[in-house]
Amino acid sequence: MTHSSSEKPFVLDPTGADRRSEHRQLHARGPAALVDVLGVQAHALSSPDLIKRLLTSPDVSKDGRAHWPPFADVIKTWPAALWIAVENMFTAYGPDHRRLRRMIAPAFSARRIAALDDVVENVVTRVLDHLDTYPAGETVDLRERLAYPVPIAVIGHLLGISADQMDSFRAVVDGVFDTTLTADAAAKNAAALYEVIGHLVTAKRAAPGEDLTSHLITVRDNDGDGKGLTEAELHGTLVLMISAGYETTVGVIDQAISLLLTHPEQLDDIRAGRANWSDAVEETLRLEPPVTHVPLRYAVTDIPLDDGQVIAQGDALLVSIGAANVHPAWHGPTAGTFDIHRADREHLAFGHGVHFCLGAPLARLEVITVLRGLFERFPEIALADDPGALIPLSSLISNGHQALPVRLRPAAT
C-alpha cells in the first residue's frame, strides 16, 4: 500500500496479551493497516467488507513462493515460517488449491459428519465420566481436561491416529501456534513436527486402515497422472489436518465455556429454552474466534481501495479475523459484548470464500456436544478464579486461555 515514509507499522503483540485493545487500534488505523508481524511487514485487513472482497478475488493469493518476492529469505528467519512454507491447500492458489481441496472435501461431507455424531457423543461422554470422578470443590483445568481431549480424540479417529501417537503431536502442534518462540526454536519445532508426520506416513504405508491418512497416502502412491499429491503436499496436508483439526476447536470450547460462566443469565436462557447451544457457539465464534490473525496472503496485482490507497503487487496481507468480527461497522456499538440473542451473529471465524474451513461442521458438532453435556452433567459448575485471572495464550494467532480452572461442584459444607 502506498504510504508516507514516516508511517510506521503497528507492532502486533506476539503474546496476544490484550487483543481487544489491538482490535480497536486496527479499526482506528483503517481497513488495511500497516503492521509488523514478528518482524515482517503486512497489511492487516480488519474491515469485514474488504476481507470478503479480497478473499473471493483472484487478485489475492496464499502461495508465497509464487507471489511474494521476499518469500525465500523470510522463511529462513521468520518465527512463523511454517505457516507460509507448508505445502497444502492452505498455502495453494488457483488450480492447485482446487486440486488439493477436492481430495479432502469428501471426508467432511454432510453425510460423513452425520456419521461422526455417535463418535463425538461417545468421546464427550467418556471425558465427562472422567471429570465426574473429581471430588466436589476440587479445581479442574477444563482446557486441559476437556477442551483438549475431545477434539484430539475425534481427529485421531478421523485420521486413524492412536491416542499415544496424538500425544506425540500435541507438543509440536502447540509450538506451531506459539508466536513467542524464537526463529531457531520455531524451526526446531517445525522439524520435530515433520518428523512425527514422517513416522505416521511410514507406519500407515506399512499397515493402512480405513482412515483419511491411509486414503491420502493411497492417492499419493497410486495416482500416476500427476493430479494427485506430491510427497511434500501429503506431509503438508497432514500437518494442516492434525493442527487445524484440533487446536482451533480447543480454543472454541475454552472460550465458549468461559463466556457462558461469566454470563450466567445467558446460560440460564439456554437452559430455559429461550436460546440454544448453537446460539452460544456462533456468538463465541464471532466474539472470540479461535484464530485472531491468519498469516499470510499476497497481492497478485495492485489492489485499489475505496479510500484511494493501493495495496501494491507483492505486498503481504494479514487477515485479522478477531478485529473484523467485532468491527462496529458490522455489529454496531455492542460488537465487543457477548450476546447470544444478537440478531446477526455472522462472523469470519471459519474464513470466507474458497478457503472456507472444511472442518467447520465438525467443529460445531464437537463444541455443541461438549457444552450440552458439560452443563447438563454439572449444573453448579463455576469458575474457580476471578475471570480477570484467566491468562491468554502466548500467541497472536491462536485465541484462548493458558488454563481454564473451574469447580464442577461446590465444596461440601
# chains A, B, ... in the order shown; residues from 1 in each chain; ligands from 1
>>> residues_around(residues="Asp59 in chain A", least_positions_apart="6", cutoff="8 Å", atoms="only C-alpha atoms", output="ChimeraX atom specification")
/A:299-301,303
>>> write_last_selection(atoms="N, CA and C atoms", output="PDB file, in the first residue's frame")
ATOM      1  N   ALA A 299      -0.725  -9.911  -2.530  1.00  0.00           N
ATOM      2  CA  ALA A 299      -1.372  -9.226  -3.645  1.00  0.00           C
ATOM      3  C   ALA A 299      -0.755  -9.684  -4.962  1.00  0.00           C
ATOM      4  N   VAL A 300      -1.561 -10.261  -5.836  1.00  0.00           N
ATOM      5  CA  VAL A 300      -1.088 -10.735  -7.140  1.00  0.00           C
ATOM      6  C   VAL A 300      -0.903  -9.567  -8.098  1.00  0.00           C
ATOM      7  N   THR A 301      -1.672  -8.514  -7.877  1.00  0.00           N
ATOM      8  CA  THR A 301      -1.586  -7.299  -8.678  1.00  0.00           C
ATOM      9  C   THR A 301      -1.867  -6.114  -7.766  1.00  0.00           C
ATOM     10  N   ILE A 303      -3.913  -3.499  -5.891  1.00  0.00           N
ATOM     11  CA  ILE A 303      -5.316  -3.569  -5.478  1.00  0.00           C
ATOM     12  C   ILE A 303      -5.742  -2.206  -4.956  1.00  0.00           C
TER      13      ILE A 303
END
>>> residues_around(residues="range 113-128 of chain A", least_positions_apart="4", cutoff="9 Å", atoms="only C-alpha atoms", output="list of chain:residue names")
A:Ala107, A:Phe108, A:Ser109, A:Asp132, A:Thr133, A:Arg145, A:Leu146, A:Pro149, A:Val150, A:Pro151, A:Ala153, A:Val154, A:His157, A:Leu158, A:Pro361, A:Leu362, A:Leu365, A:Glu366, A:Thr369, A:Val370, A:Gly373, A:Leu374, A:Arg377
>>> write_last_selection(atoms="N, CA, C and O atoms", output="PDB file, in the first residue's frame")
ATOM      1  N   ALA A 107     -14.263 -36.094   2.904  1.00  0.00           N
ATOM      2  CA  ALA A 107     -14.188 -36.526   4.309  1.00  0.00           C
ATOM      3  C   ALA A 107     -15.038 -35.652   5.220  1.00  0.00           C
ATOM      4  O   ALA A 107     -15.352 -36.052   6.343  1.00  0.00           O
ATOM      5  N   PHE A 108     -15.423 -34.457   4.738  1.00  0.00           N
ATOM      6  CA  PHE A 108     -16.206 -33.535   5.561  1.00  0.00           C
ATOM      7  C   PHE A 108     -17.577 -33.256   4.948  1.00  0.00           C
ATOM      8  O   PHE A 108     -18.175 -32.217   5.195  1.00  0.00           O
ATOM      9  N   SER A 109     -18.059 -34.187   4.145  1.00  0.00           N
ATOM     10  CA  SER A 109     -19.403 -34.055   3.581  1.00  0.00           C
ATOM     11  C   SER A 109     -20.436 -34.139   4.702  1.00  0.00           C
ATOM     12  O   SER A 109     -20.153 -34.628   5.806  1.00  0.00           O
ATOM     13  N   ASP A 132     -16.283 -36.566  36.180  1.00  0.00           N
ATOM     14  CA  ASP A 132     -17.231 -36.872  37.262  1.00  0.00           C
ATOM     15  C   ASP A 132     -16.552 -37.509  38.468  1.00  0.00           C
ATOM     16  O   ASP A 132     -17.136 -37.574  39.552  1.00  0.00           O
ATOM     17  N   THR A 133     -15.319 -37.981  38.285  1.00  0.00           N
ATOM     18  CA  THR A 133     -14.611 -38.628  39.403  1.00  0.00           C
ATOM     19  C   THR A 133     -13.917 -37.628  40.316  1.00  0.00           C
ATOM     20  O   THR A 133     -13.438 -38.001  41.384  1.00  0.00           O
ATOM     21  N   ARG A 145      -8.442 -30.752  30.607  1.00  0.00           N
ATOM     22  CA  ARG A 145      -9.179 -31.992  30.876  1.00  0.00           C
ATOM     23  C   ARG A 145     -10.404 -32.203  30.002  1.00  0.00           C
ATOM     24  O   ARG A 145     -10.967 -33.291  29.999  1.00  0.00           O
ATOM     25  N   LEU A 146     -10.815 -31.171  29.248  1.00  0.00           N
ATOM     26  CA  LEU A 146     -11.994 -31.305  28.397  1.00  0.00           C
ATOM     27  C   LEU A 146     -11.773 -30.729  26.999  1.00  0.00           C
ATOM     28  O   LEU A 146     -12.001 -31.413  25.998  1.00  0.00           O
ATOM     29  N   PRO A 149      -8.849 -33.013  25.168  1.00  0.00           N
ATOM     30  CA  PRO A 149      -9.029 -34.434  24.851  1.00  0.00           C
ATOM     31  C   PRO A 149     -10.151 -34.737  23.868  1.00  0.00           C
ATOM     32  O   PRO A 149     -10.042 -35.702  23.097  1.00  0.00           O
ATOM     33  N   VAL A 150     -11.211 -33.950  23.839  1.00  0.00           N
ATOM     34  CA  VAL A 150     -12.314 -34.249  22.922  1.00  0.00           C
ATOM     35  C   VAL A 150     -11.893 -34.085  21.461  1.00  0.00           C
ATOM     36  O   VAL A 150     -11.967 -35.042  20.675  1.00  0.00           O
ATOM     37  N   PRO A 151     -11.449 -32.902  21.014  1.00  0.00           N
ATOM     38  CA  PRO A 151     -11.077 -32.786  19.597  1.00  0.00           C
ATOM     39  C   PRO A 151      -9.866 -33.628  19.215  1.00  0.00           C
ATOM     40  O   PRO A 151      -9.770 -34.079  18.067  1.00  0.00           O
ATOM     41  N   ALA A 153      -9.245 -36.649  20.348  1.00  0.00           N
ATOM     42  CA  ALA A 153      -9.772 -37.993  20.120  1.00  0.00           C
ATOM     43  C   ALA A 153     -10.543 -38.063  18.799  1.00  0.00           C
ATOM     44  O   ALA A 153     -10.446 -39.058  18.060  1.00  0.00           O
ATOM     45  N   VAL A 154     -11.290 -37.011  18.476  1.00  0.00           N
ATOM     46  CA  VAL A 154     -12.087 -37.017  17.252  1.00  0.00           C
ATOM     47  C   VAL A 154     -11.191 -36.969  16.020  1.00  0.00           C
ATOM     48  O   VAL A 154     -11.382 -37.726  15.065  1.00  0.00           O
ATOM     49  N   HIS A 157      -9.516 -40.251  15.526  1.00  0.00           N
ATOM     50  CA  HIS A 157     -10.412 -41.230  14.911  1.00  0.00           C
ATOM     51  C   HIS A 157     -10.484 -41.018  13.396  1.00  0.00           C
ATOM     52  O   HIS A 157     -10.399 -41.976  12.619  1.00  0.00           O
ATOM     53  N   LEU A 158     -10.637 -39.760  12.981  1.00  0.00           N
ATOM     54  CA  LEU A 158     -10.774 -39.451  11.562  1.00  0.00           C
ATOM     55  C   LEU A 158      -9.524 -39.818  10.775  1.00  0.00           C
ATOM     56  O   LEU A 158      -9.601 -40.354   9.658  1.00  0.00           O
ATOM     57  N   PRO A 361     -18.305 -27.758  10.038  1.00  0.00           N
ATOM     58  CA  PRO A 361     -19.433 -28.532  10.594  1.00  0.00           C
ATOM     59  C   PRO A 361     -19.012 -29.479  11.711  1.00  0.00           C
ATOM     60  O   PRO A 361     -19.742 -29.650  12.693  1.00  0.00           O
ATOM     61  N   LEU A 362     -17.842 -30.093  11.575  1.00  0.00           N
ATOM     62  CA  LEU A 362     -17.363 -30.998  12.623  1.00  0.00           C
ATOM     63  C   LEU A 362     -17.032 -30.219  13.889  1.00  0.00           C
ATOM     64  O   LEU A 362     -17.367 -30.657  15.000  1.00  0.00           O
ATOM     65  N   LEU A 365     -20.229 -29.354  15.652  1.00  0.00           N
ATOM     66  CA  LEU A 365     -20.788 -30.545  16.286  1.00  0.00           C
ATOM     67  C   LEU A 365     -20.072 -30.840  17.600  1.00  0.00           C
ATOM     68  O   LEU A 365     -20.720 -31.114  18.628  1.00  0.00           O
ATOM     69  N   GLU A 366     -18.756 -30.776  17.601  1.00  0.00           N
ATOM     70  CA  GLU A 366     -17.986 -31.073  18.809  1.00  0.00           C
ATOM     71  C   GLU A 366     -18.282 -30.080  19.925  1.00  0.00           C
ATOM     72  O   GLU A 366     -18.506 -30.467  21.079  1.00  0.00           O
ATOM     73  N   THR A 369     -21.841 -30.438  21.359  1.00  0.00           N
ATOM     74  CA  THR A 369     -21.953 -31.663  22.158  1.00  0.00           C
ATOM     75  C   THR A 369     -21.261 -31.500  23.506  1.00  0.00           C
ATOM     76  O   THR A 369     -21.783 -31.943  24.546  1.00  0.00           O
ATOM     77  N   VAL A 370     -20.105 -30.850  23.515  1.00  0.00           N
ATOM     78  CA  VAL A 370     -19.382 -30.608  24.766  1.00  0.00           C
ATOM     79  C   VAL A 370     -20.194 -29.703  25.697  1.00  0.00           C
ATOM     80  O   VAL A 370     -20.362 -30.002  26.886  1.00  0.00           O
ATOM     81  N   GLY A 373     -23.384 -31.427  27.088  1.00  0.00           N
ATOM     82  CA  GLY A 373     -23.037 -32.469  28.055  1.00  0.00           C
ATOM     83  C   GLY A 373     -22.465 -31.916  29.349  1.00  0.00           C
ATOM     84  O   GLY A 373     -22.829 -32.369  30.444  1.00  0.00           O
ATOM     85  N   LEU A 374     -21.587 -30.920  29.243  1.00  0.00           N
ATOM     86  CA  LEU A 374     -20.935 -30.353  30.429  1.00  0.00           C
ATOM     87  C   LEU A 374     -21.946 -29.689  31.349  1.00  0.00           C
ATOM     88  O   LEU A 374     -21.968 -29.951  32.567  1.00  0.00           O
ATOM     89  N   ARG A 377     -24.433 -32.168  32.914  1.00  0.00           N
ATOM     90  CA  ARG A 377     -23.815 -33.039  33.922  1.00  0.00           C
ATOM     91  C   ARG A 377     -23.457 -32.270  35.187  1.00  0.00           C
ATOM     92  O   ARG A 377     -23.554 -32.797  36.299  1.00  0.00           O
TER      93      ARG A 377
END
>>> atom_distance(atom1="CA of Asp63 in chain A", atom2="CA of Arg98 in chain A")
13.1 Å
>>> residues_around(residues="range 71-82 of chain A", least_positions_apart="6", cutoff="7 Å", atoms="only C-alpha atoms", output="short mmCIF file (atom, residue, chain, number, x, y, z; two decimals) with C-alpha atoms, in the first residue's frame")
data_model
loop_
_atom_site.label_atom_id
_atom_site.label_comp_id
_atom_site.auth_asym_id
_atom_site.auth_seq_id
_atom_site.Cartn_x
_atom_site.Cartn_y
_atom_site.Cartn_z
CA GLY A 64 4.09 -17.03 -1.18
CA ARG A 65 6.53 -18.92 -3.38
CA LEU A 181 9.24 -18.74 20.09
CA THR A 182 12.50 -17.55 18.57
CA ALA A 183 13.12 -18.29 14.92
CA ALA A 186 10.29 -22.42 15.82
CA ALA A 190 8.73 -27.48 12.73
#
>>> closest_atom_pairs(of="range 317-359 of chain A", to="range 241-257 of chain A", cutoff="12 Å", atoms="only C-alpha atoms", output="CSV")
residue,atom,partner,partner_atom,distance
A:Phe338,CA,A:Ala256,CA,10.2
A:Asp339,CA,A:Ala256,CA,11.9
A:Ile340,CA,A:Ala256,CA,11.0
A:Ala349,CA,A:Thr248,CA,9.9
A:Phe350,CA,A:Thr248,CA,9.9
A:Cys357,CA,A:Ala244,CA,9.3
A:Leu358,CA,A:Gly245,CA,9.9
A:Gly359,CA,A:Gly245,CA,7.2
>>> write_last_selection(atoms="C-alpha atoms", output="PDB file, in the first residue's frame")
ATOM      1  CA  PHE A 338     -21.286 -11.357  24.346  1.00  0.00           C
ATOM      2  CA  ASP A 339     -24.947 -11.656  23.388  1.00  0.00           C
ATOM      3  CA  ILE A 340     -26.403 -14.992  22.312  1.00  0.00           C
ATOM      4  CA  ALA A 349     -14.077 -17.369  12.193  1.00  0.00           C
ATOM      5  CA  PHE A 350     -14.040 -20.121   9.559  1.00  0.00           C
ATOM      6  CA  CYS A 357     -12.808 -24.168   6.568  1.00  0.00           C
ATOM      7  CA  LEU A 358     -13.922 -27.661   5.516  1.00  0.00           C
ATOM      8  CA  GLY A 359     -13.946 -28.753   9.155  1.00  0.00           C
TER       9      GLY A 359
END
>>> closest_residue(among="A:Val367, A:Leu45, A:Leu383, A:Val11", to="His27 in chain A", atoms="only C-alpha atoms")
A:Leu45
>>> residues_around(residues="Asp306 in chain A", least_positions_apart="6", cutoff="12 Å", atoms="only C-alpha atoms", output="list in words")
Gly30, Pro31, Ala32, Ser47, Asp49, Leu50 and Arg53 of chain A
>>> atom_distance(atom1="CA of Ala343 in chain A", atom2="CA of Arg271 in chain A")
19.4 Å
